[in-house]
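A.B. asks: start_5.cif is reproduced below (mmCIF, C-alpha atoms).
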data_my_file
loop_
_atom_site.label_atom_id
_atom_site.label_comp_id
_atom_site.auth_asym_id
_atom_site.auth_seq_id
_atom_site.Cartn_x
_atom_site.Cartn_y
_atom_site.Cartn_z
CA MET D 1 -40.42 108.79 124.86
CA ASN D 2 -40.31 109.31 128.62
CA ALA D 3 -38.89 112.70 129.56
CA ASP D 4 -38.09 114.06 133.00
CA PRO D 5 -41.06 115.83 134.65
CA GLN D 6 -41.07 119.58 134.21
CA PRO D 7 -40.92 121.68 137.39
CA LEU D 8 -44.11 123.38 138.49
CA PRO D 9 -44.34 127.15 138.28
CA PRO D 10 -43.71 128.90 141.61
CA THR D 11 -46.69 129.40 143.86
CA ASP D 12 -48.14 132.87 143.56
CA ASP D 13 -49.10 134.26 146.98
CA SER D 14 -50.97 137.24 145.54
CA PRO D 15 -54.49 137.96 146.86
CA GLU D 16 -55.89 137.02 143.46
CA GLN D 17 -54.25 133.60 143.58
CA LYS D 18 -55.36 133.00 147.19
CA ALA D 19 -58.95 133.84 146.20
CA LEU D 20 -59.07 130.96 143.71
CA SER D 21 -60.93 127.79 144.55
CA PRO D 22 -58.91 124.56 144.58
CA ARG D 23 -60.36 123.72 141.15
CA GLU D 24 -59.46 127.12 139.70
CA ALA D 25 -55.94 126.98 141.13
CA ALA D 26 -55.40 123.49 139.68
CA LEU D 27 -56.63 124.69 136.29
CA VAL D 28 -54.25 127.67 136.36
CA ARG D 29 -51.31 125.37 137.22
CA LEU D 30 -52.23 123.04 134.36
CA ALA D 31 -52.56 125.91 131.87
CA GLU D 32 -49.28 127.51 132.95
CA HIS D 33 -47.53 124.16 132.61
CA PHE D 34 -48.96 123.50 129.16
CA LEU D 35 -47.84 126.91 127.89
CA ALA D 36 -44.27 126.37 129.14
CA CYS D 37 -43.77 122.64 128.45
CA PRO D 38 -42.06 121.75 125.16
CA ILE D 39 -43.33 118.16 125.46
CA CYS D 40 -46.97 119.19 125.79
CA ARG D 41 -46.65 121.76 122.98
CA ALA D 42 -44.85 119.50 120.47
CA VAL D 43 -46.54 119.51 117.05
CA ASP D 44 -46.01 117.71 113.76
CA ASP D 45 -45.27 119.31 110.39
CA GLU D 46 -48.96 120.16 109.93
CA GLY D 47 -49.27 121.77 113.37
CA ALA D 48 -51.24 118.96 115.03
CA ASN D 49 -50.32 118.28 118.65
CA LEU D 50 -48.31 115.06 119.00
CA ASN D 51 -49.87 114.18 122.40
CA LEU D 52 -46.52 113.04 123.77
CA PRO D 53 -46.56 111.55 127.29
CA CYS D 54 -45.71 114.09 129.99
CA GLU D 55 -45.57 112.97 133.63
CA THR D 56 -46.12 116.50 134.93
CA ASP D 57 -49.19 116.96 132.73
CA ASP D 58 -50.58 113.63 133.97
CA ARG D 59 -50.03 114.64 137.60
CA LEU D 60 -51.61 118.06 137.11
CA LEU D 61 -54.64 116.50 135.41
CA LYS D 62 -55.06 114.16 138.40
CA GLU D 63 -54.84 117.17 140.74
CA LEU D 64 -57.50 118.97 138.67
CA ARG D 65 -59.81 115.96 138.79
CA ALA D 66 -59.36 115.70 142.56
CA ALA D 67 -59.92 119.45 142.99
CA ARG D 68 -63.23 119.25 141.15
CA HIS D 69 -64.56 117.38 144.17
CA THR D 70 -63.66 120.05 146.72
CA ASP D 71 -65.10 123.43 147.57
CA ARG D 72 -63.31 126.67 148.51
CA THR D 73 -62.59 125.32 152.01
CA GLY D 74 -60.67 122.42 150.50
CA LEU D 75 -63.15 119.89 151.89
CA PRO D 76 -64.94 117.36 149.69
CA HIS D 77 -68.43 118.55 148.73
CA ASP D 78 -70.13 115.75 150.60
CA LEU D 79 -68.57 116.65 153.98
CA PRO D 80 -69.98 119.52 156.05
CA ALA D 81 -67.56 122.28 157.07
CA GLU D 82 -66.93 122.37 160.82
#
Re-express the file's structure as structure tokens.
C.D. replies:
Amino acid sequence: MNADPQPLPPTDDSPEQKALSPREAALVRLAEHFLACPICRAVDDEGANLNLPCETDDRLLKELRAARHTDRTGLPHDLPAE
């Protein structure tokens, strides 16, 4: 089952959102997607998640993995800030 990707939630320009690190912001986007996505939340008769493929979820997970390697400046940890 290959469904169309779900749209991302709008970017929040609040001071709280801007204060998040790249990793934290990616985690928030992933969590907000999961809560809103019927594909990601699909369960069987016993309530177990069906783990259906979701292109948006896959993309957001990749963004989270990439963000784990950056600091608050958005630079990779191994590069000095200029």
A.B. asks: Mind checking which residues fall within 9 Å of Cys37 in chain D, counting all atoms listed in the file, ignoring those fewer than 3 positions away in the same chain, and posting them as a ChimeraX atom specification?
C.D. replies: /D:6,32-34,40-42,54,57
A.B. asks: Residues as selected, C-alpha atoms, written as a CSV table (one decimal), keeping the file's coordinate frame, can you do that?
C.D. replies:
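Below is the file that was written, part02.csv:
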chain,number,residue,atom,x,y,z
D,6,GLN,CA,-41.1,119.6,134.2
D,32,GLU,CA,-49.3,127.5,133.0
D,33,HIS,CA,-47.5,124.2,132.6
D,34,PHE,CA,-49.0,123.5,129.2
D,40,CYS,CA,-47.0,119.2,125.8
D,41,ARG,CA,-46.6,121.8,123.0
D,42,ALA,CA,-44.8,119.5,120.5
D,54,CYS,CA,-45.7,114.1,130.0
D,57,ASP,CA,-49.2,117.0,132.7
A.B. asks: At what distance in Å, to one decimal, does CA of Asn51 in chain D lie from CA of Leu20 in chain D?
C.D. replies: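 One can read the CA of Leu20 in chain D to CA of Asn51 in chain D distance as 28.6 Å.
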A.B. asks: In Å, with one decimal, what is the gap from CA of Leu30 in chain D to CA of Pro53 in chain D?
C.D. replies: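 Answer for the CA of Leu30 in chain D to CA of Pro53 in chain D separation: 14.6 Å.
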A.B. asks: Report, in Å to a single decimal, how far apart CA of Arg23 in chain D and CA of Ala66 in chain D are.
C.D. replies: 8.2 Å
A.B. asks: Taking the partial coordinates given, rebuild range 14-48 of chain D to contain N, CA and C atoms; return it as a PDB file, keeping the file's coordinate frame.
C.D. replies:
ATOM      1  N   SER D  14     -50.201 136.009 145.693  1.00  0.00           N
ATOM      2  CA  SER D  14     -50.970 137.240 145.540  1.00  0.00           C
ATOM      3  C   SER D  14     -52.402 137.017 146.043  1.00  0.00           C
ATOM      4  N   PRO D  15     -53.093 138.101 146.419  1.00  0.00           N
ATOM      5  CA  PRO D  15     -54.490 137.960 146.860  1.00  0.00           C
ATOM      6  C   PRO D  15     -55.372 137.320 145.799  1.00  0.00           C
ATOM      7  N   GLU D  16     -55.090 137.607 144.529  1.00  0.00           N
ATOM      8  CA  GLU D  16     -55.890 137.020 143.460  1.00  0.00           C
ATOM      9  C   GLU D  16     -55.740 135.509 143.428  1.00  0.00           C
ATOM     10  N   GLN D  17     -54.501 135.035 143.600  1.00  0.00           N
ATOM     11  CA  GLN D  17     -54.250 133.600 143.580  1.00  0.00           C
ATOM     12  C   GLN D  17     -54.869 132.930 144.807  1.00  0.00           C
ATOM     13  N   LYS D  18     -54.788 133.576 145.971  1.00  0.00           N
ATOM     14  CA  LYS D  18     -55.360 133.000 147.190  1.00  0.00           C
ATOM     15  C   LYS D  18     -56.876 132.927 147.110  1.00  0.00           C
ATOM     16  N   ALA D  19     -57.502 133.805 146.310  1.00  0.00           N
ATOM     17  CA  ALA D  19     -58.950 133.840 146.200  1.00  0.00           C
ATOM     18  C   ALA D  19     -59.490 132.729 145.300  1.00  0.00           C
ATOM     19  N   LEU D  20     -58.623 132.020 144.607  1.00  0.00           N
ATOM     20  CA  LEU D  20     -59.070 130.960 143.710  1.00  0.00           C
ATOM     21  C   LEU D  20     -59.521 129.740 144.493  1.00  0.00           C
ATOM     22  N   SER D  21     -60.518 129.062 143.963  1.00  0.00           N
ATOM     23  CA  SER D  21     -60.930 127.790 144.550  1.00  0.00           C
ATOM     24  C   SER D  21     -59.860 126.751 144.230  1.00  0.00           C
ATOM     25  N   PRO D  22     -59.874 125.610 144.913  1.00  0.00           N
ATOM     26  CA  PRO D  22     -58.910 124.560 144.580  1.00  0.00           C
ATOM     27  C   PRO D  22     -58.985 124.146 143.109  1.00  0.00           C
ATOM     28  N   ARG D  23     -60.192 124.092 142.554  1.00  0.00           N
ATOM     29  CA  ARG D  23     -60.360 123.720 141.150  1.00  0.00           C
ATOM     30  C   ARG D  23     -59.753 124.775 140.236  1.00  0.00           C
ATOM     31  N   GLU D  24     -60.020 126.048 140.525  1.00  0.00           N
ATOM     32  CA  GLU D  24     -59.460 127.120 139.700  1.00  0.00           C
ATOM     33  C   GLU D  24     -57.942 127.153 139.773  1.00  0.00           C
ATOM     34  N   ALA D  25     -57.390 126.970 140.969  1.00  0.00           N
ATOM     35  CA  ALA D  25     -55.940 126.980 141.130  1.00  0.00           C
ATOM     36  C   ALA D  25     -55.300 125.820 140.372  1.00  0.00           C
ATOM     37  N   ALA D  26     -55.922 124.642 140.412  1.00  0.00           N
ATOM     38  CA  ALA D  26     -55.400 123.490 139.680  1.00  0.00           C
ATOM     39  C   ALA D  26     -55.453 123.737 138.173  1.00  0.00           C
ATOM     40  N   LEU D  27     -56.514 124.386 137.711  1.00  0.00           N
ATOM     41  CA  LEU D  27     -56.630 124.690 136.290  1.00  0.00           C
ATOM     42  C   LEU D  27     -55.568 125.692 135.849  1.00  0.00           C
ATOM     43  N   VAL D  28     -55.295 126.686 136.676  1.00  0.00           N
ATOM     44  CA  VAL D  28     -54.250 127.670 136.360  1.00  0.00           C
ATOM     45  C   VAL D  28     -52.887 126.979 136.288  1.00  0.00           C
ATOM     46  N   ARG D  29     -52.589 126.092 137.252  1.00  0.00           N
ATOM     47  CA  ARG D  29     -51.310 125.370 137.220  1.00  0.00           C
ATOM     48  C   ARG D  29     -51.175 124.535 135.962  1.00  0.00           C
ATOM     49  N   LEU D  30     -52.254 123.863 135.567  1.00  0.00           N
ATOM     50  CA  LEU D  30     -52.230 123.040 134.360  1.00  0.00           C
ATOM     51  C   LEU D  30     -52.006 123.912 133.120  1.00  0.00           C
ATOM     52  N   ALA D  31     -52.710 125.020 133.029  1.00  0.00           N
ATOM     53  CA  ALA D  31     -52.560 125.910 131.870  1.00  0.00           C
ATOM     54  C   ALA D  31     -51.156 126.504 131.799  1.00  0.00           C
ATOM     55  N   GLU D  32     -50.630 126.943 132.940  1.00  0.00           N
ATOM     56  CA  GLU D  32     -49.280 127.510 132.950  1.00  0.00           C
ATOM     57  C   GLU D  32     -48.244 126.465 132.552  1.00  0.00           C
ATOM     58  N   HIS D  33     -48.437 125.224 133.002  1.00  0.00           N
ATOM     59  CA  HIS D  33     -47.530 124.160 132.610  1.00  0.00           C
ATOM     60  C   HIS D  33     -47.596 123.926 131.108  1.00  0.00           C
ATOM     61  N   PHE D  34     -48.801 123.800 130.582  1.00  0.00           N
ATOM     62  CA  PHE D  34     -48.960 123.500 129.160  1.00  0.00           C
ATOM     63  C   PHE D  34     -48.285 124.576 128.292  1.00  0.00           C
ATOM     64  N   LEU D  35     -48.428 125.828 128.679  1.00  0.00           N
ATOM     65  CA  LEU D  35     -47.840 126.910 127.890  1.00  0.00           C
ATOM     66  C   LEU D  35     -46.317 126.895 127.925  1.00  0.00           C
ATOM     67  N   ALA D  36     -45.722 126.350 128.989  1.00  0.00           N
ATOM     68  CA  ALA D  36     -44.270 126.370 129.140  1.00  0.00           C
ATOM     69  C   ALA D  36     -43.599 125.052 128.764  1.00  0.00           C
ATOM     70  N   CYS D  37     -44.350 123.976 128.634  1.00  0.00           N
ATOM     71  CA  CYS D  37     -43.770 122.640 128.450  1.00  0.00           C
ATOM     72  C   CYS D  37     -43.562 122.311 126.971  1.00  0.00           C
ATOM     73  N   PRO D  38     -42.311 122.095 126.559  1.00  0.00           N
ATOM     74  CA  PRO D  38     -42.060 121.750 125.160  1.00  0.00           C
ATOM     75  C   PRO D  38     -42.618 120.370 124.781  1.00  0.00           C
ATOM     76  N   ILE D  39     -42.760 119.483 125.740  1.00  0.00           N
ATOM     77  CA  ILE D  39     -43.330 118.160 125.460  1.00  0.00           C
ATOM     78  C   ILE D  39     -44.815 118.289 125.146  1.00  0.00           C
ATOM     79  N   CYS D  40     -45.529 119.032 125.980  1.00  0.00           N
ATOM     80  CA  CYS D  40     -46.970 119.190 125.790  1.00  0.00           C
ATOM     81  C   CYS D  40     -47.304 119.996 124.528  1.00  0.00           C
ATOM     82  N   ARG D  41     -46.396 120.882 124.132  1.00  0.00           N
ATOM     83  CA  ARG D  41     -46.650 121.760 122.980  1.00  0.00           C
ATOM     84  C   ARG D  41     -46.094 121.218 121.672  1.00  0.00           C
ATOM     85  N   ALA D  42     -45.465 120.048 121.683  1.00  0.00           N
ATOM     86  CA  ALA D  42     -44.850 119.500 120.470  1.00  0.00           C
ATOM     87  C   ALA D  42     -45.916 119.248 119.392  1.00  0.00           C
ATOM     88  N   VAL D  43     -45.613 119.672 118.174  1.00  0.00           N
ATOM     89  CA  VAL D  43     -46.540 119.510 117.050  1.00  0.00           C
ATOM     90  C   VAL D  43     -45.810 118.865 115.868  1.00  0.00           C
ATOM     91  N   ASP D  44     -46.593 118.285 114.964  1.00  0.00           N
ATOM     92  CA  ASP D  44     -46.010 117.710 113.760  1.00  0.00           C
ATOM     93  C   ASP D  44     -45.876 118.782 112.681  1.00  0.00           C
ATOM     94  N   ASP D  45     -45.490 118.370 111.482  1.00  0.00           N
ATOM     95  CA  ASP D  45     -45.270 119.310 110.390  1.00  0.00           C
ATOM     96  C   ASP D  45     -46.535 120.072 109.981  1.00  0.00           C
ATOM     97  N   GLU D  46     -47.691 119.512 110.279  1.00  0.00           N
ATOM     98  CA  GLU D  46     -48.960 120.160 109.930  1.00  0.00           C
ATOM     99  C   GLU D  46     -49.532 120.978 111.084  1.00  0.00           C
ATOM    100  N   GLY D  47     -48.833 120.984 112.218  1.00  0.00           N
ATOM    101  CA  GLY D  47     -49.270 121.770 113.370  1.00  0.00           C
ATOM    102  C   GLY D  47     -50.177 121.043 114.333  1.00  0.00           C
ATOM    103  N   ALA D  48     -50.400 119.749 114.114  1.00  0.00           N
ATOM    104  CA  ALA D  48     -51.240 118.960 115.030  1.00  0.00           C
ATOM    105  C   ALA D  48     -50.410 118.549 116.242  1.00  0.00           C
TER     106      ALA D  48
END
